[in-house]
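**Student:** I have a structure here, written as structure tokens, and I will follow up with some questions on it.
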Amino acid sequence: MALLEVKNLRVYFHTREGTVKAVDDVSFTLEKNETLCLVGESGCGKSVTALSIIGLISNPGKIESGQILFEGVDLVKLKKSELRKFRGTEISMIFQEPMTSLNPSLKVGFQIVELLLEHFNVSKTEAKNLAVEFLKKVKIPDAVGTYDKYPHQLSGGMRQRVMIAMALISKPSLLIADEPTTALDVTIQLQILELIRDLKNSLGTSVILITHDMGVVANLADKVAVMYAGKIVESGEVFEVFENPLHPYTVGLLGSIPKLDTPKNSRLISIPGNVPRLINPPKGCRFHERCSRKLEICEIAEPPEMTIGNSNHRIACWLYSDEFQGAVDTDERYGS
Amino acid sequence: MIRYIINRLLLTIPVVIAVSVLVFLFIHLIPGDPVEMMLGETATIANVEEIRHMLGLDKPLGIQFLDFMKNLLKGDLGKSIVSRRPVMQIVLERYPATIKLTVASAIVALIISIPLGTLAAVKHYSWIDNLSMIFALLGVSMPNFWLGPLLIILFSLTLGWLPPSGYGGFKYIILPAITLGTAMSASLTRLVRSSMLEVLDQEYIKTARAKGLRERLVIYRHALRNALIPVITVFGMQIGSLLSGALITETIFSWPGVGRLFIESIFRRDFPLVQGCVLIIALTYVFVNFIVDITYGFINPKIRYE
């Protein structure tokens, strides 16, 4: 059984201006010990997907339909109080802004310890010892001293380490990291990513990593799912998607990264336009307005989701459907 | 923390000096001759001279100031013209009544505003939220000189439950405390609500929820504590104004506090007493602000360490 199976998830925000379909029919699975990267531009529904897993969608957002099966239990159907018991124990989350995600008026040590005291039958001393141990594990130099510090006394990187310690102290089966390095210095970014990877391996945690940085994906991911305007447009094993990106959006994302072997005078690819407003998404394929390889059908009908050959590589694009064969020839499509 | 407190304490010294200078100058700044004003049109020149000499107003300004400061340091604010008793003694006699009323009103205000404001924020846009905002609007709009008599009519005259005015046991403090507390709690409720709404939107609240904490802990341990920081400033100022005597409410309920003393001394043109009241009121403000600053330090570690 997969650790996490998200099936046909729809999360809508009912606002006065209209319904925002932030996540629209999203499905994916995550196996034990696997790292899945959710990639896409800002506002494409990555964070909302992640937050809906731990039931922290804020008003006026609502899970409209779909299932989130965590070890077989449908989290969508659970009562608030039952879902709360999964949070911080089985499923942990770290956020983008280490500067603001710790409570400024409580000592960081206490913020870790309170999680243990809430969920586990431990004494205060045991909890403190465990917290210090985990502060050491996330490579905070003076773990004992840091325990008694307030967030504003720590740097951004240190705070994110504290967040990671807090998230992993209960040895959760699933860690959701929502852009954990976006707000950090480039030098610190790599340290934090390596830390997440090492701890993931030693604790046997599965990870959902949300990012818009393809470099991060290449570094950490086993699987990748590319989201655009509330939908997953392409997904698969990371090497498949990187070797053979099919969706024009994925091609654009990968093309926008500078490489060492890019000729000096050539321009980087950029995808024209912006993510559409999700109150009134474009008809047909949501990407068609920005797509360089648009077909007539793209404006009319939503593309079907297809599996490429017998791999895990899935894509939703008319270019690769039988009726509208595009650039890829049949052999390549069926992987034979 | 101790360094922080000492720092704050040192900062009050210039304020106290400035206040003293202003209070001293006050008698010279009002238009006309204060002594003639005090005695009225029927006063003889001999009378005027006598009072002027008694108040030391016949000496040069510099000498007067030095005398004033010298006496002030000894805790001597002069003598009341009417009762001929030391001003300090009269004010201090009235102080306990004002403190009692302040504490009672503050308790009423906090009991109403913190739960109501918190609830309104947590249940944003619900009927509780609307109700609390209507209450806040009413509370802010109702002047004390209207609410006070209204309470007296209902609880004293009609129902006969509580005494209409006077100073004595617990029963006597209820109506004035409700009158003052309601007005205070109205603005505090709004403040708690808006501050709470802002804090509930913060990332660390999301973190607290993601940790699987009970909602009660999320609200009280993580949100309320931070939401109260701006509330304390306003609350402190309100306490300051209550401690300096709620002039109207004390008068309505014949409450023998500093506020009523202040009004009485103005009506009697008892200048030394007015001066004494102003000085004590100003010092009270300084003291309350000092306490507010220290409370800040306790609640917000960031302030403490800077």
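Convention: chains lettered A, B, ... in structure tokens order; per-chain residue numbering from 1; ligands numbered from 1 as shown.
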Please report, as a tab-separated table, each residue of chain A lying at most 10 Å from chain B, together with the nearest pair of atoms and the separation in Å rounded to one decimal; use only C-alpha atoms, and order rows by chain and ascending residue number.

**Tutor:**
```
residue	atom	partner	partner_atom	distance
A:Leu51	CA	B:Ala210	CA	9.2
A:Ile54	CA	B:Ala210	CA	7.3
A:Gly55	CA	B:Ala210	CA	8.8
A:Leu56	CA	B:Ala210	CA	7.5
A:Ile57	CA	B:Lys206	CA	9.9
A:Ser58	CA	B:Asp201	CA	9.4
A:Ser81	CA	B:Arg214	CA	8.3
A:Leu83	CA	B:Gly212	CA	8.3
A:Arg84	CA	B:Gly212	CA	4.8
A:Lys85	CA	B:Gly212	CA	6.1
A:Phe86	CA	B:Gly212	CA	7.2
A:Arg87	CA	B:Gly212	CA	4.5
A:Gly88	CA	B:Lys211	CA	4.1
A:Thr89	CA	B:Lys211	CA	7.7
A:Ile91	CA	B:Ala210	CA	8.5
A:Ser92	CA	B:Ala210	CA	6.7
A:Met93	CA	B:Ala210	CA	6.4
A:Ile94	CA	B:Thr207	CA	7.6
A:Phe95	CA	B:Thr207	CA	7.9
A:Gln96	CA	B:Glu203	CA	9.2
A:Glu97	CA	B:Glu203	CA	7.8
A:Pro98	CA	B:Glu203	CA	9.1
A:Met99	CA	B:Glu203	CA	9.2
A:Thr100	CA	B:Glu203	CA	5.7
A:Ser101	CA	B:Tyr204	CA	4.1
A:Leu102	CA	B:Tyr204	CA	5.0
A:Asn103	CA	B:Tyr204	CA	5.3
A:Pro104	CA	B:Lys302	CA	7.7
A:Ser105	CA	B:Asn300	CA	5.6
A:Leu106	CA	B:Pro301	CA	8.2
A:Lys107	CA	B:Pro301	CA	9.1
A:Gln111	CA	B:Ala208	CA	8.5
A:Ile112	CA	B:Lys211	CA	9.1
A:Glu114	CA	B:Leu213	CA	8.3
A:Leu115	CA	B:Lys211	CA	6.0
A:Leu116	CA	B:Lys211	CA	9.3
A:Leu117	CA	B:Leu213	CA	9.7
A:Glu118	CA	B:Leu213	CA	6.5
A:His119	CA	B:Gly212	CA	8.0
A:Lys149	CA	B:Pro301	CA	9.8
A:Tyr150	CA	B:Pro301	CA	7.3
A:Pro151	CA	B:Lys302	CA	9.0
A:His152	CA	B:Lys302	CA	6.8
A:Gln153	CA	B:Lys302	CA	8.5
A:Met163	CA	B:Thr207	CA	9.0
A:Met166	CA	B:Lys211	CA	8.4
A:Ala167	CA	B:Lys211	CA	7.8
```

**Student:** Would you mind listing, for every residue of stretch 40-151 of chain B within 7 Å of stretch 275-278 of chain B, the two atoms forming the shortest contact and the distance between them in Å to one decimal, using only C-alpha atoms, sorted by chain and ascending residue number, as JSON lines?

**Tutor:**
```
{"residue": "B:Leu77", "atom": "CA", "partner": "B:Gly276", "partner_atom": "CA", "distance": 6.1}
{"residue": "B:Val87", "atom": "CA", "partner": "B:Gly276", "partner_atom": "CA", "distance": 6.2}
{"residue": "B:Met88", "atom": "CA", "partner": "B:Gly276", "partner_atom": "CA", "distance": 7.0}
{"residue": "B:Val91", "atom": "CA", "partner": "B:Cys277", "partner_atom": "CA", "distance": 6.8}
```

**Student:** Out of B:Gly40, B:Asp67, B:Ala227, B:Leu72, which residue has the shortest atom-to-atom distance to B:Ile17 when counting only C-alpha atoms?

**Tutor:**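 Selected residue with least distance to B:Ile17: B:Leu72.
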
**Student:** Could you list, as a PyMOL selection string, every residue within 10 Å of B:Ile112, counting only C-alpha atoms and ignoring same-chain residues fewer than 5 positions away?

**Tutor:** chain B and resi 106-107+117+132+181-182+184-186+188-189

**Student:** Quick one: residues within 6 Å of A:His212, only C-alpha atoms, excluding same-chain residues fewer than 4 positions away - as an MDAnalysis selection string?

**Tutor:** chainID A and resid 39:41

**Student:** Looking only at the backbone, which of the residues in stretch 127-300 of chain A does DSSP tag as helix (DSSP H, G or I), as JSON, numbers by chain?

**Tutor:** {"A": [127, 128, 129, 130, 131, 132, 133, 134, 135, 136, 137, 143, 144, 145, 146, 147, 151, 152, 153, 156, 157, 158, 159, 160, 161, 162, 163, 164, 165, 166, 167, 168, 186, 187, 188, 189, 190, 191, 192, 193, 194, 195, 196, 197, 198, 199, 200, 201, 202, 203, 214, 215, 216, 217, 218, 219, 220, 238, 239, 240, 241, 242, 243, 248, 249, 250, 251, 252, 253, 254, 255, 288, 289, 290, 297, 298, 299]}

**Student:** For the structure I just gave you, how does DSSP split stretch 152-244 of chain A - specifically, which residues are strand (DSSP E or B)? Reply as number ranges by chain.

**Tutor:** A: 174-178, 206-211, 223-228, 231-237

**Student:** Can I get the selection written as an mmCIF file, in the first residue's frame, with C-alpha atoms?

**Tutor:**
```cif
data_model
loop_
_atom_site.group_PDB
_atom_site.id
_atom_site.type_symbol
_atom_site.label_atom_id
_atom_site.label_comp_id
_atom_site.auth_asym_id
_atom_site.auth_seq_id
_atom_site.Cartn_x
_atom_site.Cartn_y
_atom_site.Cartn_z
ATOM 1 C CA LEU A 174 5.498 12.033 6.000
ATOM 2 C CA LEU A 175 7.237 15.398 5.934
ATOM 3 C CA ILE A 176 5.728 18.161 3.840
ATOM 4 C CA ALA A 177 8.195 20.933 3.110
ATOM 5 C CA ASP A 178 6.648 23.995 1.502
ATOM 6 C CA SER A 206 8.719 10.191 2.979
ATOM 7 C CA VAL A 207 8.888 13.764 1.764
ATOM 8 C CA ILE A 208 6.669 16.007 -0.301
ATOM 9 C CA LEU A 209 8.777 18.962 -1.299
ATOM 10 C CA ILE A 210 7.162 21.983 -2.830
ATOM 11 C CA THR A 211 9.411 24.159 -4.896
ATOM 12 C CA LYS A 223 9.333 11.653 -8.414
ATOM 13 C CA VAL A 224 8.171 14.971 -9.721
ATOM 14 C CA ALA A 225 4.741 16.397 -10.437
ATOM 15 C CA VAL A 226 4.503 19.602 -12.435
ATOM 16 C CA MET A 227 1.476 21.691 -11.538
ATOM 17 C CA TYR A 228 -0.083 24.392 -13.612
ATOM 18 C CA LYS A 231 -3.785 20.758 -12.266
ATOM 19 C CA ILE A 232 -0.920 18.310 -12.573
ATOM 20 C CA VAL A 233 0.159 18.576 -16.185
ATOM 21 C CA GLU A 234 3.052 16.124 -16.103
ATOM 22 C CA SER A 235 4.403 13.685 -13.573
ATOM 23 C CA GLY A 236 6.793 10.792 -13.368
ATOM 24 C CA GLU A 237 10.123 9.530 -12.106
#
```

**Student:** Work out how far atom CA of A:Val11 is from atom CA of A:Lys77, in Å to one decimal.

**Tutor:**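 Between these atoms lies a distance of 14.3 Å.
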
**Student:** Would you list the contacts of A:Leu190 as a PDB file with N, CA and C atoms, in the first residue's frame, taking every protein, DNA or RNA residue within 12 Å and counting only C-alpha atoms, but skipping same-chain residues closer than 2 positions in sequence?

**Tutor:**
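Saved to part08.pdb:
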```pdb
ATOM      1  N   GLY A 157      18.645  30.648   8.665  1.00  0.00           N
ATOM      2  CA  GLY A 157      19.038  29.255   8.478  1.00  0.00           C
ATOM      3  C   GLY A 157      18.868  28.454   9.758  1.00  0.00           C
ATOM      4  N   PRO A 180      11.028  25.135   1.489  1.00  0.00           N
ATOM      5  CA  PRO A 180      11.778  25.356   2.735  1.00  0.00           C
ATOM      6  C   PRO A 180      13.032  26.199   2.553  1.00  0.00           C
ATOM      7  N   THR A 181      13.460  26.404   1.323  1.00  0.00           N
ATOM      8  CA  THR A 181      14.720  27.133   1.144  1.00  0.00           C
ATOM      9  C   THR A 181      14.540  28.448   0.411  1.00  0.00           C
ATOM     10  N   THR A 182      13.320  28.735  -0.017  1.00  0.00           N
ATOM     11  CA  THR A 182      13.113  29.920  -0.856  1.00  0.00           C
ATOM     12  C   THR A 182      13.570  31.213  -0.183  1.00  0.00           C
ATOM     13  N   LEU A 184      15.879  31.614   2.001  1.00  0.00           N
ATOM     14  CA  LEU A 184      17.221  31.563   2.596  1.00  0.00           C
ATOM     15  C   LEU A 184      18.309  31.948   1.591  1.00  0.00           C
ATOM     16  N   ASP A 185      19.447  32.282   2.147  1.00  0.00           N
ATOM     17  CA  ASP A 185      20.650  32.512   1.353  1.00  0.00           C
ATOM     18  C   ASP A 185      20.984  31.307   0.497  1.00  0.00           C
ATOM     19  N   VAL A 186      21.598  31.549  -0.646  1.00  0.00           N
ATOM     20  CA  VAL A 186      21.924  30.431  -1.536  1.00  0.00           C
ATOM     21  C   VAL A 186      22.851  29.435  -0.845  1.00  0.00           C
ATOM     22  N   THR A 187      23.811  29.935  -0.073  1.00  0.00           N
ATOM     23  CA  THR A 187      24.761  29.016   0.571  1.00  0.00           C
ATOM     24  C   THR A 187      24.049  28.152   1.612  1.00  0.00           C
ATOM     25  N   ILE A 188      23.069  28.745   2.286  1.00  0.00           N
ATOM     26  CA  ILE A 188      22.343  28.009   3.315  1.00  0.00           C
ATOM     27  C   ILE A 188      21.365  27.022   2.675  1.00  0.00           C
ATOM     28  N   ILE A 192      20.488  23.187   3.949  1.00  0.00           N
ATOM     29  CA  ILE A 192      19.173  22.783   4.451  1.00  0.00           C
ATOM     30  C   ILE A 192      18.642  21.598   3.644  1.00  0.00           C
ATOM     31  N   LEU A 193      18.807  21.654   2.318  1.00  0.00           N
ATOM     32  CA  LEU A 193      18.328  20.546   1.482  1.00  0.00           C
ATOM     33  C   LEU A 193      19.056  19.254   1.815  1.00  0.00           C
ATOM     34  N   GLU A 194      20.368  19.373   2.017  1.00  0.00           N
ATOM     35  CA  GLU A 194      21.138  18.168   2.365  1.00  0.00           C
ATOM     36  C   GLU A 194      20.695  17.619   3.711  1.00  0.00           C
ATOM     37  N   LEU A 195      20.406  18.535   4.616  1.00  0.00           N
ATOM     38  CA  LEU A 195      19.940  18.130   5.939  1.00  0.00           C
ATOM     39  C   LEU A 195      18.628  17.361   5.829  1.00  0.00           C
ATOM     40  N   ILE A 196      17.712  17.903   5.029  1.00  0.00           N
ATOM     41  CA  ILE A 196      16.423  17.223   4.859  1.00  0.00           C
ATOM     42  C   ILE A 196      16.653  15.835   4.260  1.00  0.00           C
ATOM     43  N   ARG A 197      17.534  15.767   3.266  1.00  0.00           N
ATOM     44  CA  ARG A 197      17.774  14.485   2.618  1.00  0.00           C
ATOM     45  C   ARG A 197      18.393  13.470   3.599  1.00  0.00           C
ATOM     46  N   GLY A 215      16.374  23.028  -9.902  1.00  0.00           N
ATOM     47  CA  GLY A 215      17.643  22.534  -9.376  1.00  0.00           C
ATOM     48  C   GLY A 215      17.416  21.706  -8.114  1.00  0.00           C
ATOM     49  N   VAL A 216      16.507  22.181  -7.259  1.00  0.00           N
ATOM     50  CA  VAL A 216      16.165  21.452  -6.041  1.00  0.00           C
ATOM     51  C   VAL A 216      15.568  20.097  -6.394  1.00  0.00           C
ATOM     52  N   ASN A 219      18.108  17.628  -7.371  1.00  0.00           N
ATOM     53  CA  ASN A 219      18.912  17.223  -6.229  1.00  0.00           C
ATOM     54  C   ASN A 219      18.257  16.179  -5.350  1.00  0.00           C
ATOM     55  N   LEU A 220      16.977  16.348  -5.102  1.00  0.00           N
ATOM     56  CA  LEU A 220      16.338  15.594  -4.024  1.00  0.00           C
ATOM     57  C   LEU A 220      15.282  14.589  -4.454  1.00  0.00           C
TER      58      LEU A 220
END
```

**Student:** Quick one: everything within 10 Å of stretch 257-261 of chain A, counting only C-alpha atoms, minus sequence neighbours fewer than 3 positions away in the same chain. Send it as number ranges by chain.

**Tutor:** A: 213-215, 252-254, 264, 267-270

**Student:** Can you tell me, as a PyMOL selection string, what residues are no more than 9 Å from B:Leu55 when counting only C-alpha atoms, ignoring any on the same chain fewer than 6 positions away?

**Tutor:** chain B and resi 78-79+272
